[in-house]
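Visitor: Provided herewith: entry-v1.tsv, TSV, C-alpha atoms.
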chain	number	residue	atom	x	y	z
A	714	MET	CA	73.40	101.21	112.87
A	715	LEU	CA	76.81	101.49	114.46
A	716	LYS	CA	79.75	99.64	112.96
A	717	LYS	CA	83.52	99.58	112.73
A	718	PHE	CA	85.38	102.00	110.49
A	719	LYS	CA	89.09	101.74	109.82
A	720	ALA	CA	90.46	105.28	109.51
A	721	ASP	CA	93.80	106.85	108.62
A	722	LEU	CA	93.19	110.50	109.45
A	723	HIS	CA	96.57	111.95	108.53
A	724	ILE	CA	97.83	111.46	104.97
A	725	HIS	CA	99.90	113.92	102.93
A	726	SER	CA	99.54	114.31	99.17
A	727	CYS	CA	102.14	115.33	96.58
A	728	LEU	CA	101.32	118.93	97.49
A	729	SER	CA	103.36	118.66	100.68
A	730	PRO	CA	106.96	119.49	99.76
A	731	CYS	CA	108.40	116.64	101.82
A	732	SER	CA	106.04	114.16	100.23
A	733	ASP	CA	106.61	111.80	97.31
A	734	TRP	CA	105.37	112.44	93.72
A	735	ASP	CA	103.56	109.13	94.01
A	736	MET	CA	101.14	110.63	96.53
A	737	SER	CA	98.78	111.56	93.71
A	738	PRO	CA	94.97	111.53	94.00
A	739	LYS	CA	94.30	108.22	92.25
A	740	LYS	CA	97.21	106.40	93.87
A	741	ILE	CA	96.30	107.59	97.38
A	742	ILE	CA	92.77	106.26	96.95
A	743	GLU	CA	93.94	102.99	95.37
A	744	LYS	CA	96.41	102.38	98.19
A	745	SER	CA	93.74	103.23	100.78
A	746	ARG	CA	91.45	100.62	99.21
A	747	GLU	CA	94.25	98.08	99.23
A	748	GLN	CA	94.74	98.79	102.94
A	749	GLN	CA	90.99	98.33	103.50
A	750	LEU	CA	90.60	101.79	104.94
A	751	ASP	CA	87.02	103.08	105.12
A	752	LEU	CA	87.94	106.65	105.91
A	753	ILE	CA	90.97	108.84	105.29
A	754	ALA	CA	91.82	112.51	105.78
A	755	ILE	CA	94.10	114.51	103.52
A	756	CYS	CA	96.25	116.82	105.61
A	757	ASP	CA	98.91	118.66	103.63
A	758	HIS	CA	101.16	121.19	105.32
A	759	ASN	CA	99.30	124.51	105.55
A	760	THR	CA	97.20	123.88	102.43
A	761	ALA	CA	94.10	122.04	101.23
A	762	GLU	CA	94.44	122.57	97.47
A	763	ASN	CA	94.55	118.87	96.60
A	764	VAL	CA	91.67	117.88	98.85
A	765	ALA	CA	88.73	118.44	96.49
A	766	VAL	CA	90.09	116.18	93.76
A	767	ILE	CA	91.01	113.40	96.21
A	768	LEU	CA	87.56	113.69	97.78
A	769	ARG	CA	85.94	113.16	94.37
A	770	GLU	CA	88.20	110.23	93.56
A	771	GLY	CA	87.39	108.74	96.97
A	772	ALA	CA	83.66	109.10	96.34
A	773	ARG	CA	84.11	107.33	92.99
A	774	GLN	CA	85.96	104.41	94.58
A	775	GLY	CA	84.02	104.14	97.83
A	776	ILE	CA	86.50	105.67	100.27
A	777	ALA	CA	85.27	108.46	102.54
A	778	VAL	CA	87.68	111.41	102.56
A	779	LEU	CA	87.66	114.20	105.12
A	780	PRO	CA	89.08	117.58	104.12
A	781	GLY	CA	91.96	118.54	106.36
A	782	MET	CA	95.18	120.43	106.76
A	783	GLU	CA	98.23	119.99	108.99
A	784	ILE	CA	98.93	123.48	110.21
A	785	CYS	CA	102.20	124.67	111.73
A	786	SER	CA	101.78	127.23	114.52
A	787	ARG	CA	104.28	129.96	115.35
A	788	GLU	CA	105.47	127.77	118.24
A	789	GLU	CA	106.35	125.28	115.46
A	790	VAL	CA	103.75	122.82	116.65
A	791	HIS	CA	101.86	120.76	114.05
A	792	LEU	CA	98.10	120.47	114.35
A	793	VAL	CA	95.85	118.26	112.25
A	794	THR	CA	92.63	120.13	111.51
A	795	LEU	CA	89.68	118.26	109.98
A	796	PHE	CA	86.54	119.75	108.46
A	797	LYS	CA	83.12	118.64	107.40
A	798	GLU	CA	82.98	120.25	103.98
A	799	ILE	CA	85.67	121.23	101.50
A	800	GLU	CA	84.38	124.83	101.70
A	801	ASP	CA	85.22	124.92	105.41
A	802	ALA	CA	88.74	123.68	104.74
A	803	LEU	CA	89.17	126.29	102.02
A	804	LYS	CA	88.04	129.05	104.40
A	805	MET	CA	90.67	127.82	106.83
A	806	GLN	CA	93.22	127.73	104.02
A	807	GLU	CA	92.50	131.37	103.19
A	808	PHE	CA	93.10	132.30	106.84
A	809	ILE	CA	96.34	130.28	106.90
A	810	TYR	CA	97.64	131.74	103.62
A	811	ALA	CA	97.15	135.24	105.04
A	812	HIS	CA	99.55	134.34	107.86
A	813	LEU	CA	102.10	132.17	106.08
A	814	PRO	CA	105.22	134.07	105.02
A	815	GLY	CA	107.81	132.99	102.44
A	816	LYS	CA	108.21	131.36	99.06
A	817	ASN	CA	109.07	127.73	98.43
A	818	GLN	CA	112.44	126.74	97.01
A	819	PRO	CA	111.63	123.43	95.33
A	820	GLU	CA	115.29	122.40	95.00
A	821	VAL	CA	115.70	122.72	98.79
A	822	PHE	CA	112.32	121.75	100.25
A	823	GLY	CA	110.74	119.75	97.41
A	824	HIS	CA	108.05	120.25	94.79
A	825	GLN	CA	104.48	121.18	95.76
A	826	ILE	CA	102.27	119.60	93.13
A	827	VAL	CA	98.64	120.52	92.56
A	828	ALA	CA	97.16	117.54	90.70
A	829	ASP	CA	93.96	116.67	88.88
A	830	GLN	CA	91.93	113.47	89.22
A	831	ASN	CA	93.92	111.79	86.48
A	832	ASP	CA	97.12	112.39	88.38
A	833	ARG	CA	98.21	115.07	85.94
A	834	VAL	CA	100.19	118.06	87.18
A	835	LEU	CA	98.04	121.19	87.19
A	836	GLY	CA	100.75	123.37	88.62
A	837	GLU	CA	102.95	124.06	91.58
A	838	ASN	CA	102.09	125.97	94.72
A	839	ASP	CA	104.85	128.54	95.35
A	840	ARG	CA	104.11	129.31	99.01
A	841	LEU	CA	106.51	128.17	101.73
A	842	LEU	CA	104.17	125.37	102.84
A	843	ILE	CA	106.89	123.73	104.95
A	844	GLY	CA	107.17	126.91	107.03
A	845	ALA	CA	105.46	128.02	110.21
A	846	THR	CA	102.47	130.33	110.20
A	847	GLN	CA	102.51	133.49	112.33
A	848	LEU	CA	99.49	132.14	114.22
A	849	SER	CA	99.53	130.93	117.80
A	850	LEU	CA	98.16	127.51	118.70
A	851	LYS	CA	95.15	129.22	120.24
A	852	ASP	CA	94.47	131.25	117.08
A	853	ILE	CA	94.49	128.08	114.99
A	854	VAL	CA	92.31	126.03	117.33
A	855	SER	CA	89.71	128.76	117.73
A	856	ARG	CA	89.56	129.48	113.99
A	857	ALA	CA	89.25	125.79	113.09
A	858	HIS	CA	86.40	125.49	115.60
A	859	LEU	CA	84.75	128.58	114.14
A	860	PHE	CA	84.67	126.82	110.75
A	861	GLY	CA	83.14	123.72	112.36
A	862	GLY	CA	86.37	121.73	112.37
A	863	ILE	CA	88.24	119.68	114.93
A	864	CYS	CA	91.87	119.96	116.05
A	865	ILE	CA	94.15	117.05	116.79
A	866	SER	CA	97.67	117.66	118.07
A	867	SER	CA	100.00	115.80	115.66
A	868	HIS	CA	102.39	113.02	116.69
A	869	VAL	CA	102.72	114.06	120.34
A	870	ASP	CA	105.19	111.22	120.97
A	871	ARG	CA	107.75	112.77	118.60
A	872	PRO	CA	110.51	115.20	119.61
A	873	SER	CA	110.05	117.53	116.63
A	874	TYR	CA	107.10	119.73	115.66
A	875	SER	CA	104.94	118.21	118.37
A	876	LEU	CA	103.11	120.02	121.13
A	877	ILE	CA	104.93	118.18	123.91
A	878	GLY	CA	108.29	118.47	122.15
A	879	GLN	CA	108.00	122.20	121.49
A	880	LEU	CA	106.27	123.33	124.68
A	881	GLY	CA	107.21	120.56	127.09
A	882	PHE	CA	103.60	119.70	127.97
A	883	ILE	CA	100.04	120.22	126.76
A	884	PRO	CA	98.85	123.68	127.87
A	885	GLN	CA	95.73	123.37	130.05
A	886	ASP	CA	93.85	126.11	128.26
A	887	LEU	CA	94.25	124.72	124.73
A	888	ASP	CA	90.88	123.44	123.51
A	889	LEU	CA	92.11	120.37	121.60
A	890	ASP	CA	89.68	117.71	120.44
A	891	ALA	CA	92.25	114.91	120.54
A	892	VAL	CA	95.93	114.04	120.39
A	893	GLU	CA	97.59	111.83	117.81
A	894	VAL	CA	100.43	109.38	118.39
A	895	SER	CA	102.66	108.13	115.58
A	896	PHE	CA	102.87	104.53	114.37
A	897	ARG	CA	105.66	103.98	116.90
A	898	VAL	CA	103.26	103.89	119.84
A	899	PRO	CA	100.40	101.38	120.04
A	900	LEU	CA	97.20	103.25	120.82
A	901	ASN	CA	96.39	101.14	123.85
A	902	LYS	CA	99.77	102.02	125.38
A	903	ALA	CA	99.77	105.71	124.47
A	904	SER	CA	98.59	107.10	127.80
A	905	SER	CA	101.18	105.10	129.73
A	906	GLU	CA	104.07	105.50	127.26
A	907	VAL	CA	103.69	109.16	126.36
A	908	PRO	CA	103.91	111.27	129.50
A	909	GLY	CA	101.58	114.24	129.54
A	910	ILE	CA	98.74	113.21	127.24
A	911	ARG	CA	96.53	112.75	130.30
A	912	ASP	CA	92.97	111.81	129.42
A	913	TYR	CA	92.81	113.43	126.00
A	914	PRO	CA	91.08	111.28	123.40
A	915	CYS	CA	93.92	109.67	121.47
A	916	VAL	CA	94.09	108.50	117.87
A	917	THR	CA	96.87	107.21	115.66
A	918	ALA	CA	97.48	107.71	111.95
A	919	SER	CA	100.16	107.02	109.38
A	920	ASP	CA	101.24	110.63	108.66
A	921	ALA	CA	102.14	109.04	105.31
A	922	HIS	CA	104.38	111.00	102.96
A	923	PHE	CA	105.03	107.91	100.80
A	924	LEU	CA	102.52	105.57	99.23
A	925	GLN	CA	103.72	102.49	101.07
A	926	ASP	CA	103.09	104.19	104.43
A	927	ILE	CA	99.34	104.71	103.94
A	928	GLY	CA	97.59	102.62	106.57
A	929	LYS	CA	100.85	101.97	108.44
A	930	ALA	CA	98.94	103.13	111.51
A	931	TRP	CA	95.20	103.57	111.73
A	932	THR	CA	92.45	104.05	114.26
A	933	GLU	CA	89.38	101.89	114.40
A	934	PHE	CA	86.21	103.76	115.29
A	935	ILE	CA	82.65	102.69	116.06
A	936	LEU	CA	80.50	105.10	114.07
A	937	ALA	CA	77.17	105.30	112.28
A	938	ALA	CA	78.83	106.77	109.18
A	939	PRO	CA	82.32	107.92	108.13
A	940	THR	CA	81.76	111.63	108.74
A	941	LEU	CA	83.32	114.41	110.76
A	942	GLU	CA	80.30	114.68	113.05
A	943	GLU	CA	80.55	110.98	113.86
A	944	ILE	CA	84.30	111.28	114.53
A	945	ARG	CA	83.56	114.21	116.82
A	946	MET	CA	81.09	112.06	118.74
A	947	ALA	CA	83.56	109.17	118.92
A	948	LEU	CA	86.24	111.47	120.38
A	949	ALA	CA	83.72	112.48	123.04
A	950	ALA	CA	82.60	108.83	123.46
A	951	ALA	CA	79.02	109.95	122.88
A	952	GLU	CA	75.98	107.83	122.01
A	953	GLY	CA	77.88	104.61	121.49
A	954	ARG	CA	80.46	106.13	119.14
A	955	LYS	CA	84.02	105.46	120.24
A	956	ILE	CA	87.65	104.76	119.44
A	957	ILE	CA	88.38	101.06	119.74
A	958	SER	CA	91.89	100.23	118.64
A	959	ASN	CA	94.57	100.61	116.03
A	960	ARG	CA	96.22	97.25	115.57
A	961	GLU	CA	94.83	93.82	115.20
B	1179	MET	CA	125.01	139.42	139.29
B	1180	ARG	CA	121.30	140.30	139.44
B	1181	VAL	CA	118.75	140.32	136.65
B	1182	SER	CA	118.65	144.11	136.97
B	1183	ASP	CA	122.39	144.22	136.18
B	1184	LEU	CA	121.77	142.38	132.89
B	1185	VAL	CA	118.98	144.80	132.05
B	1186	GLU	CA	121.26	147.74	132.64
B	1187	LYS	CA	124.39	146.38	130.96
B	1188	PHE	CA	122.71	145.20	127.77
B	1189	ASP	CA	119.81	147.63	127.58
B	1190	LEU	CA	117.19	144.89	127.69
B	1191	SER	CA	113.56	145.93	127.85
B	1192	ILE	CA	111.32	144.56	130.57
B	1193	ALA	CA	108.13	142.93	129.27
B	1194	ALA	CA	106.94	141.43	132.55
B	1195	GLY	CA	107.89	140.26	136.02
B	1196	GLY	CA	109.54	143.48	137.17
B	1197	LYS	CA	109.26	142.40	140.79
B	1198	GLY	CA	111.79	139.62	140.13
B	1199	LEU	CA	114.58	141.90	138.97
B	1200	ASP	CA	116.68	141.28	142.05
B	1201	ARG	CA	116.91	137.53	141.34
B	1202	LYS	CA	120.44	136.22	141.17
B	1203	VAL	CA	121.81	135.10	137.79
B	1204	VAL	CA	124.45	132.37	138.08
B	1205	ASP	CA	124.34	130.75	134.63
B	1206	GLY	CA	122.86	130.97	131.16
B	1207	TYR	CA	120.96	128.69	128.77
B	1208	CYS	CA	119.75	128.81	125.17
B	1209	GLY	CA	116.97	126.68	123.73
B	1210	ASP	CA	113.65	126.82	121.91
B	1211	LEU	CA	112.58	123.22	122.26
B	1212	LEU	CA	110.90	123.41	125.64
B	1213	SER	CA	110.95	119.68	126.30
B	1214	GLU	CA	114.75	119.84	126.06
B	1215	VAL	CA	115.02	123.01	128.17
B	1216	MET	CA	112.80	121.43	130.86
B	1217	GLY	CA	115.28	118.61	131.20
B	1218	ASN	CA	118.55	120.48	131.03
B	1219	ALA	CA	118.46	124.17	131.97
B	1220	PRO	CA	120.43	124.96	135.15
B	1221	ALA	CA	118.86	126.64	138.18
B	1222	GLY	CA	119.48	130.37	138.43
B	1223	CYS	CA	120.04	130.76	134.70
B	1224	ALA	CA	119.05	133.51	132.32
B	1225	TRP	CA	117.27	131.58	129.56
B	1226	LEU	CA	117.40	132.84	125.98
B	1227	THR	CA	114.59	131.66	123.71
B	1228	VAL	CA	112.45	132.77	120.77
B	1229	GLN	CA	109.33	131.09	122.18
B	1230	GLY	CA	106.69	133.44	123.56
B	1231	HIS	CA	104.03	130.93	124.59
B	1232	GLN	CA	102.98	130.92	128.25
B	1233	ALA	CA	104.56	127.48	128.67
B	1234	ILE	CA	107.93	129.28	128.98
B	1235	VAL	CA	106.90	130.64	132.38
B	1236	ALA	CA	106.04	127.15	133.63
B	1237	VAL	CA	109.41	125.90	132.41
B	1238	ALA	CA	111.22	128.81	134.11
B	1239	VAL	CA	109.43	128.13	137.42
B	1240	LEU	CA	110.13	124.41	137.19
B	1241	ARG	CA	113.86	124.93	136.57
B	1242	GLU	CA	114.07	127.78	139.12
B	1243	MET	CA	115.46	130.15	136.53
B	1244	ALA	CA	116.45	133.74	137.22
B	1245	ALA	CA	114.89	135.23	134.08
B	1246	ILE	CA	113.62	134.58	130.57
B	1247	ILE	CA	115.05	136.64	127.74
B	1248	ILE	CA	113.02	136.52	124.53
B	1249	THR	CA	115.39	137.10	121.64
B	1250	GLY	CA	115.23	137.79	117.93
B	1251	GLY	CA	112.66	140.55	118.32
B	1252	GLN	CA	109.96	138.01	119.22
B	1253	LYS	CA	107.24	139.01	121.68
B	1254	PRO	CA	105.57	137.15	124.54
B	1255	ASP	CA	101.86	136.27	124.24
B	1256	GLU	CA	99.47	138.25	126.46
B	1257	GLU	CA	98.88	135.18	128.69
B	1258	THR	CA	102.64	134.79	129.07
B	1259	ILE	CA	102.94	138.31	130.46
B	1260	GLN	CA	100.15	137.66	132.95
B	1261	LYS	CA	101.69	134.38	134.09
B	1262	ALA	CA	105.12	135.97	134.48
B	1263	GLU	CA	103.64	138.79	136.58
B	1264	GLN	CA	101.93	136.22	138.82
B	1265	GLU	CA	105.09	134.18	139.23
B	1266	GLY	CA	107.44	137.15	139.49
B	1267	ILE	CA	109.65	135.79	136.72
B	1268	PRO	CA	111.22	138.61	134.71
B	1269	ILE	CA	110.70	138.47	130.94
B	1270	LEU	CA	113.21	140.60	129.11
B	1271	LEU	CA	113.44	141.38	125.41
B	1272	TRP	CA	116.47	141.46	123.13
B	1273	PRO	CA	116.02	142.50	119.48
B	1274	LYS	CA	118.93	140.51	118.00
B	1275	SER	CA	119.88	136.83	117.98
B	1276	SER	CA	120.33	134.56	120.99
B	1277	TYR	CA	123.90	134.01	119.83
B	1278	SER	CA	124.86	137.66	120.15
B	1279	LEU	CA	123.38	138.10	123.62
B	1280	ALA	CA	124.76	134.80	124.89
B	1281	GLY	CA	128.23	136.00	123.86
B	1282	LEU	CA	127.77	139.27	125.71
B	1283	ILE	CA	126.48	137.61	128.87
B	1284	PHE	CA	129.31	135.10	128.82
B	1285	SER	CA	131.83	137.91	128.43
B	1286	VAL	CA	130.77	139.46	131.74
B	1287	GLY	CA	131.49	136.24	133.62
B	1288	ILE	CA	128.17	134.43	133.67
B	1289	GLY	CA	128.50	130.75	132.82
B	1290	ASN	CA	131.55	128.57	132.93
B	1291	LEU	CA	132.88	126.26	130.23
B	1292	ALA	CA	134.20	123.87	132.88
B	1293	THR	CA	130.68	123.08	134.07
B	1294	GLU	CA	129.23	122.59	130.57
Let's see the structure in the file written out as structure tokens.
Guide:
Amino acid sequence: MLKKFKADLHIHSCLSPCSDWDMSPKKIIEKSREQQLDLIAICDHNTAENVAVILREGARQGIAVLPGMEICSREEVHLVTLFKEIEDALKMQEFIYAHLPGKNQPEVFGHQIVADQNDRVLGENDRLLIGATQLSLKDIVSRAHLFGGICISSHVDRPSYSLIGQLGFIPQDLDLDAVEVSFRVPLNKASSEVPGIRDYPCVTASDAHFLQDIGKAWTEFILAAPTLEEIRMALAAAEGRKIISNRE
Amino acid sequence: MRVSDLVEKFDLSIAAGGKGLDRKVVDGYCGDLLSEVMGNAPAGCAWLTVQGHQAIVAVAVLREMAAIIITGGQKPDEETIQKAEQEGIPILLWPKSSYSLAGLIFSVGIGNLATE
């Protein structure tokens, strides 16, 4: 049976350097419940090390969690990649780590906390997660697809780190599954307010780095279940699955 | 001044678009945020950027630029080279920073503070 699912498909955890300490596994799930989200995706910068624990906590509290990563290309464009299984996200992570130079400086960029399900600090990731990979947009999209994932171009309405900001327009040959607009643009106005997104499927998400921002923007989908395959069908408007709105 | 003069003076290497070397250079521009370059770069400029994505060729055609110079030792993508060949837009390479080459180009009389 098809029904409505309220989804925030772009949330950072405390592993992202620019993100708050409060973005810990338990708190992210609790806040998502409070916001009545059915489905979230954890998308830290160039890493998926906190995903497994948040996925388990979500399962415990009845929130579906998709494994994801927000990857920075060498053009300095951010892409949200979402996967079906944690193993797929970790394969992508391995590929990303092999092409991500530099070491983090916590005092400059922020701490990168790997947490457990009780919100305890397991350690710190010392890679330069805030940096850009040496991979082109095309490399990232094709590899994410190879691992069964989908690629959504992050916050295309923003001037920084967005596809349209960095490259001026969306390249015709880039095999994106969707584009994302930030909370600043209502989803139903995106195609008229953001020049250049053409007829790409469009979603919105909070891109939350702070607890209070979870659910600040969301996308409502008609799906049979809160899974990646269903989201993929909704983006293609297949078999009754679809994107309906983002605001009441 | 022609694009070929810049190549010769500053020992730039030619990555693509050799058939456009006689294009006239009347100004210069630096920028890596293509949305900004698309709105502001002057016609006939030599554009200095670190971006190597094929979108740079579209931006150069749109703004009627003389040439693209990829700086900082960065390299154009394969598709970028093909596009530049098709469009006849020279892509030149400079191993050091945009700042250093911009200074050199300015010193030979390209660009004018009064029009900035």
Visitor: Give me, as CSV, the closest atom pair and its distance (Å, one decimal) for every residue of chain B within a cut-off of 7 Å of chain A, counting only C-alpha atoms, rows sorted by chain and rising number.
Guide:
residue,atom,partner,partner_atom,distance
B:Leu1211,CA,A:Gln879,CA,4.8
B:Leu1212,CA,A:Leu880,CA,4.7
B:Ser1213,CA,A:Gly881,CA,3.9
B:Met1216,CA,A:Gly881,CA,6.8
B:Gln1229,CA,A:Glu788,CA,6.4
B:Ala1233,CA,A:Leu880,CA,6.0
Visitor: Please measure the separation of CA of Leu936 (chain A) and CA of Lys716 (chain A), giving the value in Å to one decimal.
Guide: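 Separation between CA of Leu936 (chain A) and CA of Lys716 (chain A): 5.6 Å.
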Visitor: Just the residues within 8 Å of Leu1190 (chain B), please, counting only C-alpha atoms, with nothing from its chain fewer than 5 positions along; format it as a ChimeraX atom specification.
Guide: /B:1184-1185,1270-1272
Visitor: Here is a test: counting only C-alpha atoms, which residue of B:Ser1275, B:Asn1290, B:Gln1252, B:Gln1232 is nearest to Asp1205 (chain B)?
Guide: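 The answer is B:Asn1290, which sits nearest to Asp1205 (chain B).
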Visitor: Using CA of Ala949 (chain A) and CA of Tyr913 (chain A) as the two end points, give the distance in Å to one decimal.
Guide: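 Separation between CA of Ala949 (chain A) and CA of Tyr913 (chain A): 9.6 Å.
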Visitor: So that I can check the surroundings of Lys1261 (chain B), please list as a list in words every protein, DNA and RNA residue that reaches within 12 Å of it, counting all atoms listed in the file and ignoring chain neighbours fewer than 2 positions away.
Guide: Ala1193, Ala1194, Gly1195, Gly1230, His1231, Gln1232, Ala1233, Ile1234, Val1235, Ala1236, Val1237, Ala1238, Val1239, Pro1254, Asp1255, Glu1256, Glu1257, Thr1258, Ile1259, Glu1263, Gln1264, Glu1265, Gly1266, Ile1267, Pro1268 and Ile1269 of chain B
Visitor: To one decimal in Å, tell me the separation between CA of Phe896 (chain A) and CA of Gly909 (chain A).
Guide: 18.1 Å
Visitor: Produce the centre coordinates and the three edge lengths, each in Å to one decimal, of the box along x, y and z that contains all listed atoms of region 760-772 of chain A with 4 Å added on each side, as JSON.
Guide:
{"center_x": 90.4, "center_y": 116.3, "center_z": 98.0, "size_x": 21.5, "size_y": 23.1, "size_z": 16.9}
Visitor: Can you pull out every residue within 7 Å of Ala777 (chain A), counting all atoms listed in the file, but drop anything in the same chain fewer than 3 positions away, and send it as a PyMOL selection string?
Guide: chain A and resi 751-753+771-772+939
Visitor: Store the residues picked out above in a file with C-alpha atoms, as a tab-separated table (two decimals), in the frame of the given file.
Guide:
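Result file is part21.tsv:
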chain	number	residue	atom	x	y	z
A	751	ASP	CA	87.02	103.08	105.12
A	752	LEU	CA	87.94	106.65	105.91
A	753	ILE	CA	90.97	108.84	105.29
A	771	GLY	CA	87.39	108.74	96.97
A	772	ALA	CA	83.66	109.10	96.34
A	939	PRO	CA	82.32	107.92	108.13
Visitor: Using only C-alpha atoms for the distances, tell me which of A:Arg897, A:His791, A:His858, A:Arg945 is nearest to Asp870 (chain A).
Guide: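 Of A:Arg897, A:His791, A:His858, A:Arg945, the one nearest Asp870 (chain A), counting only C-alpha atoms, is A:Arg897.
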Visitor: From the list A:Gly844, A:Gly775, A:Gly823, A:Pro738, which residue is nearest Asn759 (chain A) when using only C-alpha atoms?
Guide: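 Closest to Asn759 (chain A), using only C-alpha atoms: A:Gly844.
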Visitor: Quick one: residues within 10 Å of region 1221-1225 of chain B, all atoms listed in the file, excluding same-chain residues fewer than 3 positions away - as a ChimeraX atom specification?
Guide: /B:1181,1184,1201-1210,1215,1218,1234,1238-1249,1268-1270,1276,1280,1283,1288-1289
